[in-house]
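Below is structure-v2.cif, which holds mmCIF, C-alpha atoms and all ligand atoms.
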```cif
data_my_file
loop_
_atom_site.label_atom_id
_atom_site.label_comp_id
_atom_site.auth_asym_id
_atom_site.auth_seq_id
_atom_site.Cartn_x
_atom_site.Cartn_y
_atom_site.Cartn_z
CA MET A 356 144.50 -173.20 -72.54
CA LYS A 357 147.42 -174.83 -70.77
CA ILE A 358 150.93 -173.48 -70.41
CA CYS A 359 154.10 -174.85 -68.84
CA ARG A 360 157.74 -174.01 -68.18
CA PHE A 361 160.12 -176.24 -70.07
CA GLU A 362 163.72 -176.59 -71.15
CA GLU A 363 165.23 -178.32 -74.17
CA LYS A 364 168.70 -177.98 -72.71
CA PRO A 365 169.62 -177.26 -69.07
CA GLY A 366 169.37 -173.62 -68.02
CA ASP A 367 167.25 -172.51 -71.00
CA ALA A 368 163.79 -172.25 -69.39
CA ARG A 369 160.99 -171.14 -71.71
CA ILE A 370 157.20 -170.99 -71.67
CA GLY A 371 155.21 -173.45 -73.75
CA LEU A 372 151.59 -173.61 -74.81
CA ALA A 373 150.11 -177.13 -74.93
CA ALA A 374 149.17 -177.99 -78.52
CA GLN A 375 147.82 -181.04 -80.33
CA ASP A 376 149.59 -184.43 -80.53
CA SER A 377 151.61 -183.92 -77.30
CA THR A 378 153.52 -180.95 -78.68
CA LEU A 379 154.32 -177.54 -77.22
CA LEU A 380 154.36 -174.17 -78.94
CA ASP A 381 157.39 -172.17 -77.81
CA LEU A 382 156.06 -168.74 -76.80
CA ALA A 383 159.46 -166.98 -76.78
CA PRO A 384 159.13 -165.58 -80.36
CA ALA A 385 155.82 -164.02 -79.25
CA GLY A 386 157.69 -162.13 -76.50
CA ILE A 387 156.58 -164.43 -73.67
CA ARG A 388 159.78 -165.55 -71.98
CA GLN A 389 158.59 -165.80 -68.40
CA LEU A 390 155.33 -166.79 -66.73
CA ARG A 391 154.95 -163.27 -65.43
CA ASP A 392 154.80 -161.92 -69.02
CA LEU A 393 151.43 -163.67 -69.24
CA LEU A 394 150.22 -163.79 -65.64
CA GLU A 395 150.69 -160.07 -65.09
CA ALA A 396 148.95 -159.05 -68.34
CA PRO A 397 145.68 -157.13 -67.81
CA ASP A 398 143.92 -159.85 -69.84
CA CYS A 399 146.08 -162.95 -69.64
CA LEU A 400 143.85 -165.25 -71.68
CA GLY A 401 143.14 -162.54 -74.28
CA LYS A 402 146.87 -161.97 -74.71
CA LEU A 403 147.45 -165.69 -75.29
CA GLN A 404 144.51 -165.97 -77.69
CA SER A 405 145.73 -163.00 -79.75
CA ILE A 406 149.08 -164.66 -80.55
CA ASN A 407 149.46 -165.93 -84.09
CA GLN A 408 150.34 -169.56 -83.40
CA ASP A 409 151.39 -170.35 -86.98
CA GLY A 410 154.80 -168.76 -86.62
CA LEU A 411 155.71 -170.46 -83.33
CA PRO A 412 158.18 -173.35 -83.11
CA ARG A 413 156.44 -176.65 -82.33
CA ILE A 414 158.36 -179.04 -80.06
CA PRO A 415 157.37 -182.61 -79.12
CA GLU A 416 156.86 -182.95 -75.37
CA SER A 417 159.10 -186.01 -75.43
CA LYS A 418 162.06 -183.75 -76.37
CA VAL A 419 161.76 -181.39 -73.38
CA ARG A 420 161.98 -181.44 -69.60
CA LEU A 421 158.89 -179.96 -67.95
CA LEU A 422 159.87 -177.64 -65.08
CA ALA A 423 157.93 -176.55 -62.00
CA PRO A 424 155.55 -173.74 -63.03
CA VAL A 425 157.05 -171.10 -60.73
CA GLU A 426 159.71 -168.43 -61.20
CA GLN A 427 159.93 -166.05 -58.23
CA GLN A 428 156.46 -166.74 -56.80
CA GLU A 429 156.24 -167.74 -53.12
CA VAL A 430 154.19 -170.86 -52.50
CA TRP A 431 151.64 -170.75 -49.68
CA ALA A 432 149.04 -173.27 -48.55
CA ALA A 433 145.60 -173.23 -46.99
CA GLY A 434 144.67 -175.96 -44.51
CA VAL A 435 141.56 -177.58 -43.07
CA THR A 436 139.42 -176.47 -45.99
CA TYR A 437 137.80 -179.90 -46.45
CA LEU A 438 135.76 -181.70 -43.77
CA ARG A 439 137.93 -184.79 -44.40
CA SER A 440 141.08 -182.86 -43.49
CA LYS A 441 139.53 -181.46 -40.31
CA LYS A 442 138.48 -184.91 -39.10
CA ALA A 443 141.84 -186.54 -39.89
CA ARG A 444 143.74 -183.80 -38.08
CA MET A 445 141.51 -183.94 -35.01
CA GLU A 446 142.15 -187.71 -34.80
CA GLU A 447 145.93 -187.43 -35.17
CA SER A 448 146.35 -184.82 -32.46
CA ASP A 449 145.73 -184.64 -28.76
CA PHE A 450 145.53 -181.21 -27.14
CA SER A 451 145.49 -179.33 -30.47
CA ALA A 452 142.39 -181.10 -31.85
CA THR A 453 140.11 -178.16 -31.06
CA ALA A 454 142.33 -175.82 -33.09
CA TYR A 455 141.39 -177.70 -36.27
CA ASP A 456 137.73 -177.76 -35.31
CA ARG A 457 137.75 -174.02 -34.70
CA VAL A 458 139.67 -172.99 -37.81
CA TYR A 459 137.34 -174.97 -40.09
CA ASP A 460 134.43 -172.79 -38.95
CA ALA A 461 136.30 -169.54 -38.34
CA GLU A 462 136.10 -166.58 -40.71
CA ARG A 463 139.90 -166.50 -41.07
CA PRO A 464 141.34 -169.58 -42.83
CA GLU A 465 144.54 -171.37 -41.93
CA LEU A 466 147.29 -170.16 -44.30
CA PHE A 467 150.94 -171.12 -44.04
CA PHE A 468 154.10 -170.53 -46.01
CA LYS A 469 155.08 -173.65 -47.96
CA SER A 470 158.05 -173.06 -50.26
CA LEU A 471 160.37 -170.73 -52.07
CA ALA A 472 160.07 -171.09 -55.84
CA GLU A 473 163.59 -172.48 -56.25
CA LYS A 474 162.83 -175.33 -53.83
CA VAL A 475 159.69 -176.54 -55.61
CA VAL A 476 159.98 -180.07 -57.04
CA PRO A 477 158.88 -180.51 -60.69
CA SER A 478 156.92 -183.50 -61.97
CA GLY A 479 159.22 -186.51 -62.36
CA SER A 480 161.73 -185.49 -59.65
CA PRO A 481 161.73 -186.94 -56.11
CA VAL A 482 159.65 -185.47 -53.30
CA GLY A 483 160.95 -185.96 -49.77
CA ILE A 484 159.90 -187.82 -46.65
CA ARG A 485 161.74 -186.76 -43.50
CA ARG A 486 164.10 -189.32 -42.01
CA ASP A 487 162.94 -188.31 -38.51
CA ALA A 488 159.23 -188.83 -39.34
CA LYS A 489 157.33 -192.08 -38.89
CA TRP A 490 154.12 -191.12 -40.68
CA SER A 491 154.48 -189.36 -44.04
CA VAL A 492 151.74 -188.68 -46.57
CA PRO A 493 151.20 -186.74 -49.78
CA GLU A 494 148.43 -184.13 -49.87
CA PRO A 495 146.95 -183.76 -53.37
CA GLU A 496 145.73 -180.19 -53.76
CA LEU A 497 144.43 -177.79 -56.35
CA ALA A 498 146.83 -174.83 -56.46
CA LEU A 499 145.69 -171.32 -57.38
CA VAL A 500 148.09 -169.32 -59.54
CA LEU A 501 147.72 -165.70 -58.43
CA ASN A 502 149.18 -162.61 -60.08
CA SER A 503 150.59 -159.66 -58.11
CA ARG A 504 147.08 -158.17 -57.92
CA GLY A 505 145.79 -161.26 -56.11
CA LYS A 506 143.71 -162.39 -59.09
CA VAL A 507 143.34 -166.12 -59.80
CA VAL A 508 144.74 -166.41 -63.33
CA GLY A 509 145.23 -170.15 -63.46
CA TYR A 510 145.44 -173.46 -61.65
CA THR A 511 148.11 -176.08 -61.24
CA ILE A 512 148.47 -179.32 -59.27
CA GLY A 513 150.18 -179.29 -55.88
CA ASN A 514 151.49 -181.88 -53.46
CA ASP A 515 151.73 -180.58 -49.88
CA MET A 516 153.95 -183.38 -48.49
CA SER A 517 153.41 -183.71 -44.75
CA SER A 518 154.80 -185.53 -41.71
CA ARG A 519 151.63 -186.33 -39.81
CA ASP A 520 153.28 -187.64 -36.62
CA ILE A 521 155.29 -184.42 -36.25
CA GLU A 522 152.26 -182.23 -37.00
CA GLY A 523 150.08 -184.29 -34.63
CA GLU A 524 152.53 -184.14 -31.72
CA ASN A 525 152.24 -180.38 -31.38
CA LEU A 526 150.76 -177.69 -33.66
CA LEU A 527 153.87 -175.59 -33.13
CA TYR A 528 155.79 -178.22 -35.09
CA LEU A 529 153.73 -177.48 -38.21
CA PRO A 530 156.58 -175.73 -40.08
CA GLN A 531 158.83 -178.79 -39.54
CA ALA A 532 156.05 -181.14 -40.63
CA LYS A 533 155.35 -179.12 -43.76
CA ILE A 534 158.52 -177.34 -44.87
CA TYR A 535 161.60 -179.44 -45.52
CA GLN A 536 163.62 -180.58 -48.53
CA GLY A 537 161.36 -181.82 -51.33
CA SER A 538 158.13 -181.15 -49.43
CA CYS A 539 156.39 -179.22 -52.21
CA ALA A 540 155.79 -180.43 -55.77
CA LEU A 541 153.90 -178.42 -58.39
CA GLY A 542 152.95 -178.73 -62.00
CA PRO A 543 153.61 -179.38 -64.71
CA TRP A 544 150.72 -177.47 -66.31
CA ILE A 545 148.98 -174.18 -65.56
CA GLN A 546 145.38 -174.23 -66.78
CA LEU A 547 144.39 -170.65 -67.61
CA GLY A 548 141.09 -168.85 -67.59
CA THR A 549 138.73 -171.44 -66.09
CA PRO A 550 136.04 -169.78 -63.95
CA GLU A 551 135.82 -170.97 -60.34
CA ALA A 552 132.39 -172.52 -60.91
CA ALA A 553 133.83 -174.78 -63.63
CA ALA A 554 136.97 -175.63 -61.61
CA ARG A 555 134.72 -176.73 -58.75
CA GLY A 556 133.51 -179.56 -60.98
CA TRP A 557 137.02 -181.06 -61.30
CA GLU A 558 137.96 -184.34 -59.61
CA ILE A 559 141.22 -184.76 -57.68
CA ARG A 560 142.65 -188.27 -57.67
CA LEU A 561 145.58 -189.66 -55.70
CA ASP A 562 147.31 -192.96 -56.58
CA ILE A 563 150.31 -194.36 -54.76
CA HIS A 564 152.30 -197.25 -56.23
CA ARG A 565 154.90 -199.42 -54.49
CA ARG A 566 156.98 -201.81 -56.60
CA ALA A 567 154.48 -201.44 -59.46
CA ARG A 568 151.47 -202.27 -57.25
CA SER A 569 148.80 -199.85 -56.10
CA VAL A 570 148.94 -199.30 -52.31
CA PHE A 571 146.45 -196.44 -52.07
CA SER A 572 144.02 -194.62 -54.27
CA GLY A 573 141.41 -192.06 -53.35
CA GLU A 574 139.58 -189.12 -54.79
CA THR A 575 137.61 -186.02 -53.99
CA SER A 576 136.07 -183.11 -55.83
CA VAL A 577 137.25 -179.51 -55.87
CA GLY A 578 133.62 -178.65 -55.11
CA GLN A 579 134.11 -180.00 -51.56
CA ILE A 580 136.38 -177.06 -50.63
CA LYS A 581 134.57 -175.08 -47.97
CA ARG A 582 135.86 -171.63 -48.92
CA SER A 583 135.79 -169.72 -52.20
CA PHE A 584 139.03 -169.14 -54.10
CA GLU A 585 138.51 -165.39 -53.81
CA GLU A 586 138.18 -165.69 -50.03
CA LEU A 587 141.43 -167.69 -49.73
CA ALA A 588 143.33 -165.35 -52.06
CA GLY A 589 141.86 -162.32 -50.27
CA PHE A 590 143.20 -163.46 -46.89
CA LEU A 591 146.63 -164.24 -48.37
CA PHE A 592 146.89 -160.73 -49.83
CA ARG A 593 145.73 -159.00 -46.61
CA SER A 594 148.52 -156.77 -45.25
CA GLN A 595 150.95 -158.54 -47.57
CA THR A 596 152.24 -157.86 -51.09
CA PHE A 597 153.50 -160.38 -53.64
CA PRO A 598 155.28 -158.41 -56.39
CA ASN A 599 155.82 -161.63 -58.35
CA GLY A 600 152.45 -163.17 -57.58
CA ALA A 601 152.02 -166.34 -55.55
CA VAL A 602 150.81 -169.91 -55.71
CA LEU A 603 148.27 -170.96 -53.08
CA LEU A 604 147.52 -174.63 -52.38
CA THR A 605 143.88 -174.99 -51.38
CA GLY A 606 144.04 -177.89 -48.90
CA THR A 607 143.55 -181.62 -49.08
CA GLY A 608 140.39 -183.70 -49.17
CA VAL A 609 142.12 -187.07 -49.71
CA VAL A 610 143.70 -188.65 -46.63
CA PRO A 611 145.16 -192.19 -46.72
CA PRO A 612 144.12 -194.43 -43.77
CA ASP A 613 145.98 -194.02 -40.48
CA GLY A 614 148.08 -197.19 -40.95
CA PHE A 615 149.52 -195.89 -44.20
CA THR A 616 152.89 -194.18 -44.49
CA LEU A 617 154.97 -193.46 -47.60
CA GLN A 618 158.16 -195.39 -48.26
CA GLU A 619 161.21 -194.53 -50.34
CA HIS A 620 160.71 -195.30 -54.07
CA ASP A 621 156.90 -195.12 -53.87
CA ILE A 622 155.42 -193.28 -56.86
CA ILE A 623 152.82 -190.59 -56.10
CA GLN A 624 150.43 -189.63 -58.89
CA ILE A 625 148.01 -186.75 -58.53
CA GLU A 626 145.53 -186.12 -61.28
CA ILE A 627 143.13 -183.18 -61.49
CA SER A 628 140.62 -183.67 -64.26
CA GLY A 629 140.85 -180.17 -65.75
CA ILE A 630 144.62 -179.84 -65.48
CA GLY A 631 146.67 -183.04 -65.92
CA LEU A 632 148.98 -185.28 -63.92
CA LEU A 633 151.74 -184.59 -61.37
CA SER A 634 153.92 -187.64 -60.73
CA ASN A 635 156.85 -187.95 -58.32
CA PRO A 636 158.93 -190.74 -56.79
CA VAL A 637 159.63 -190.58 -53.05
CA MET A 638 163.06 -190.13 -51.46
CA VAL A 639 164.13 -190.08 -47.79
CA VAL A 640 165.71 -186.71 -46.94
O1 LIG B 701 146.90 -177.69 -40.19
C1 LIG B 701 147.45 -178.48 -40.82
C2 LIG B 701 147.61 -178.50 -42.28
C3 LIG B 701 146.35 -178.71 -43.04
C4 LIG B 701 146.58 -178.98 -44.48
O2 LIG B 701 147.67 -178.91 -45.01
C5 LIG B 701 145.43 -179.37 -45.33
O3 LIG B 701 144.29 -179.43 -44.85
O4 LIG B 701 145.65 -179.61 -46.50
MG MG B 702 147.68 -179.52 -47.14
#
```

For the structure just supplied, provide its representation as structure tokens.
Amino acid sequence: MKICRFEEKPGDARIGLAAQDSTLLDLAPAGIRQLRDLLEAPDCLGKLQSINQDGLPRIPESKVRLLAPVEQQEVWAAGVTYLRSKKARMEESDFSATAYDRVYDAERPELFFKSLAEKVVPSGSPVGIRRDAKWSVPEPELALVLNSRGKVVGYTIGNDMSSRDIEGENLLYLPQAKIYQGSCALGPWIQLGTPEAAARGWEIRLDIHRRARSVFSGETSVGQIKRSFEELAGFLFRSQTFPNGAVLLTGTGVVPPDGFTLQEHDIIQIEISGIGLLSNPVMVV
């Protein structure tokens, strides 16, 4: 089952359940007004399945704006979880190359803060490339939706926009390479209740278009992630509480070739087979 945040008019965010024929069922009459009403439930999927759908308003998707699927959740990201990411990072950097090599094999994963909820870019709105960066790329990533107990309750699509020249110059510049205006896009759907084993069969595809022509496409499989979801979530919740839950990006396995950098007005499309499509134009910030 797939849910989303949507609004019919500005400032009236509600939760929708994906239904047939590109329509949404408005969950507000069933008492679900926020994501947390579902995500924090002891049995999230059971709660959704027990709702009588007949009485719920049905709204065509074309009549709503889909919002980013976050309310007060912090967004975090894991890094160097795919072999492809480790290799690309070792090539882009000089003295910090061994750090990537080591973290790939270490017990403790790389985890970094990515975004406040209110800064997350929804599908359809522009993501940013830094004006002081020369080498900017999207990172298409499966994102775990975690409740306050650290349980994976769903999955969404994430774009961990990155400035590779800034990251490669010095590891200590990672926050500047990763956290800036428009650097995190999520959504629009949260897929609920899929077991990890099934999610590991999903494909992640990245397509980049420039003036209506494809300039890059690549894909990977969620199954290539080196660490389990439980392991990543477990480290995030060590010595740390998230009263509103959190979203955790799981790292990238698709890296455009070294000569490629994003340009303003490019369109980035990220598709994950079990979830849907996240699409954003690019803007210089
Ligand atoms: O250490 C740099 C960031 C790694 C990352 O974002 C990824 O592998 O996806
Ligand atoms: Mg990443």

Compile the contact shell of stretch 559-576 of chain A as a PyMOL selection string: residues with an atom at most 7 Å away, counting all atoms listed in the file, same-chain residues fewer than 2 positions apart removed.
chain A and resi 495+556-557+578-579+608-609+611+621-628

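Taking all atoms listed in the file into account, the residues that come within 7 Å of ligand LIG 701 (chain B) are Ala432, Ala433, Gly434, Val435, Thr436, Tyr437, Ser440, Lys441, Tyr455, Glu465, Glu494, Asp515, Leu529, Thr605, Gly606 and Thr607 of chain A.
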
Give me, please, the distance in Å between atom CA of A:Lys469 and atom CA of A:Arg360, quoted to one decimal.
20.4 Å

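With only C-alpha atoms and all ligand atoms as the atoms that count, the residue of A:Ala472, A:Leu591, A:Val610, A:Leu633 with the shortest distance to ligand MG 702 (chain B) is A:Val610.
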
Selection: 12 Å around A:Leu526, all atoms listed in the file, excl. self and same-chain fewer than 2 positions, as a PyMOL selection string:
chain A and resi 444-445+447-455+518-524+528-533

Could you write out the selected residues, including C-alpha atoms, as an mmCIF file, in the frame of the given file?
```cif
data_model
loop_
_atom_site.group_PDB
_atom_site.id
_atom_site.type_symbol
_atom_site.label_atom_id
_atom_site.label_comp_id
_atom_site.auth_asym_id
_atom_site.auth_seq_id
_atom_site.Cartn_x
_atom_site.Cartn_y
_atom_site.Cartn_z
ATOM 1 C CA ARG A 444 143.740 -183.800 -38.080
ATOM 2 C CA MET A 445 141.510 -183.940 -35.010
ATOM 3 C CA GLU A 447 145.930 -187.430 -35.170
ATOM 4 C CA SER A 448 146.350 -184.820 -32.460
ATOM 5 C CA ASP A 449 145.730 -184.640 -28.760
ATOM 6 C CA PHE A 450 145.530 -181.210 -27.140
ATOM 7 C CA SER A 451 145.490 -179.330 -30.470
ATOM 8 C CA ALA A 452 142.390 -181.100 -31.850
ATOM 9 C CA THR A 453 140.110 -178.160 -31.060
ATOM 10 C CA ALA A 454 142.330 -175.820 -33.090
ATOM 11 C CA TYR A 455 141.390 -177.700 -36.270
ATOM 12 C CA SER A 518 154.800 -185.530 -41.710
ATOM 13 C CA ARG A 519 151.630 -186.330 -39.810
ATOM 14 C CA ASP A 520 153.280 -187.640 -36.620
ATOM 15 C CA ILE A 521 155.290 -184.420 -36.250
ATOM 16 C CA GLU A 522 152.260 -182.230 -37.000
ATOM 17 C CA GLY A 523 150.080 -184.290 -34.630
ATOM 18 C CA GLU A 524 152.530 -184.140 -31.720
ATOM 19 C CA TYR A 528 155.790 -178.220 -35.090
ATOM 20 C CA LEU A 529 153.730 -177.480 -38.210
ATOM 21 C CA PRO A 530 156.580 -175.730 -40.080
ATOM 22 C CA GLN A 531 158.830 -178.790 -39.540
ATOM 23 C CA ALA A 532 156.050 -181.140 -40.630
ATOM 24 C CA LYS A 533 155.350 -179.120 -43.760
#
```

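The set of protein, DNA and RNA residues with any counted atom at most 9 Å from (148.2, -170.6, -58.8) (all atoms listed in the file) reads Val430, Leu497, Ala498, Leu499, Val500, Leu501, Asn502, Val507, Val508, Gly509, Tyr510, Thr511, Ile512, Ile545, Gly600, Ala601, Val602, Leu603 and Leu604 of chain A.
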
A:Glu362 environment, 6 Å, all atoms listed in the file, sequence neighbours closer than 4 positions dropped, as a ChimeraX atom specification:
/A:367-368,419-420

Can you pull out every residue within 12 Å of A:Ser417, counting all atoms listed in the file, but drop anything in the same chain fewer than 2 positions away, and send it as a short mmCIF file (atom, residue, chain, number, x, y, z; two decimals) with C-alpha atoms, in the coordinates of the input?
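selection.cif was written with the following content:
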```cif
data_model
loop_
_atom_site.label_atom_id
_atom_site.label_comp_id
_atom_site.auth_asym_id
_atom_site.auth_seq_id
_atom_site.Cartn_x
_atom_site.Cartn_y
_atom_site.Cartn_z
CA PHE A 361 160.12 -176.24 -70.07
CA GLU A 362 163.72 -176.59 -71.15
CA GLU A 363 165.23 -178.32 -74.17
CA ASP A 376 149.59 -184.43 -80.53
CA SER A 377 151.61 -183.92 -77.30
CA THR A 378 153.52 -180.95 -78.68
CA LEU A 379 154.32 -177.54 -77.22
CA ARG A 413 156.44 -176.65 -82.33
CA ILE A 414 158.36 -179.04 -80.06
CA PRO A 415 157.37 -182.61 -79.12
CA VAL A 419 161.76 -181.39 -73.38
CA ARG A 420 161.98 -181.44 -69.60
CA LEU A 421 158.89 -179.96 -67.95
#
```
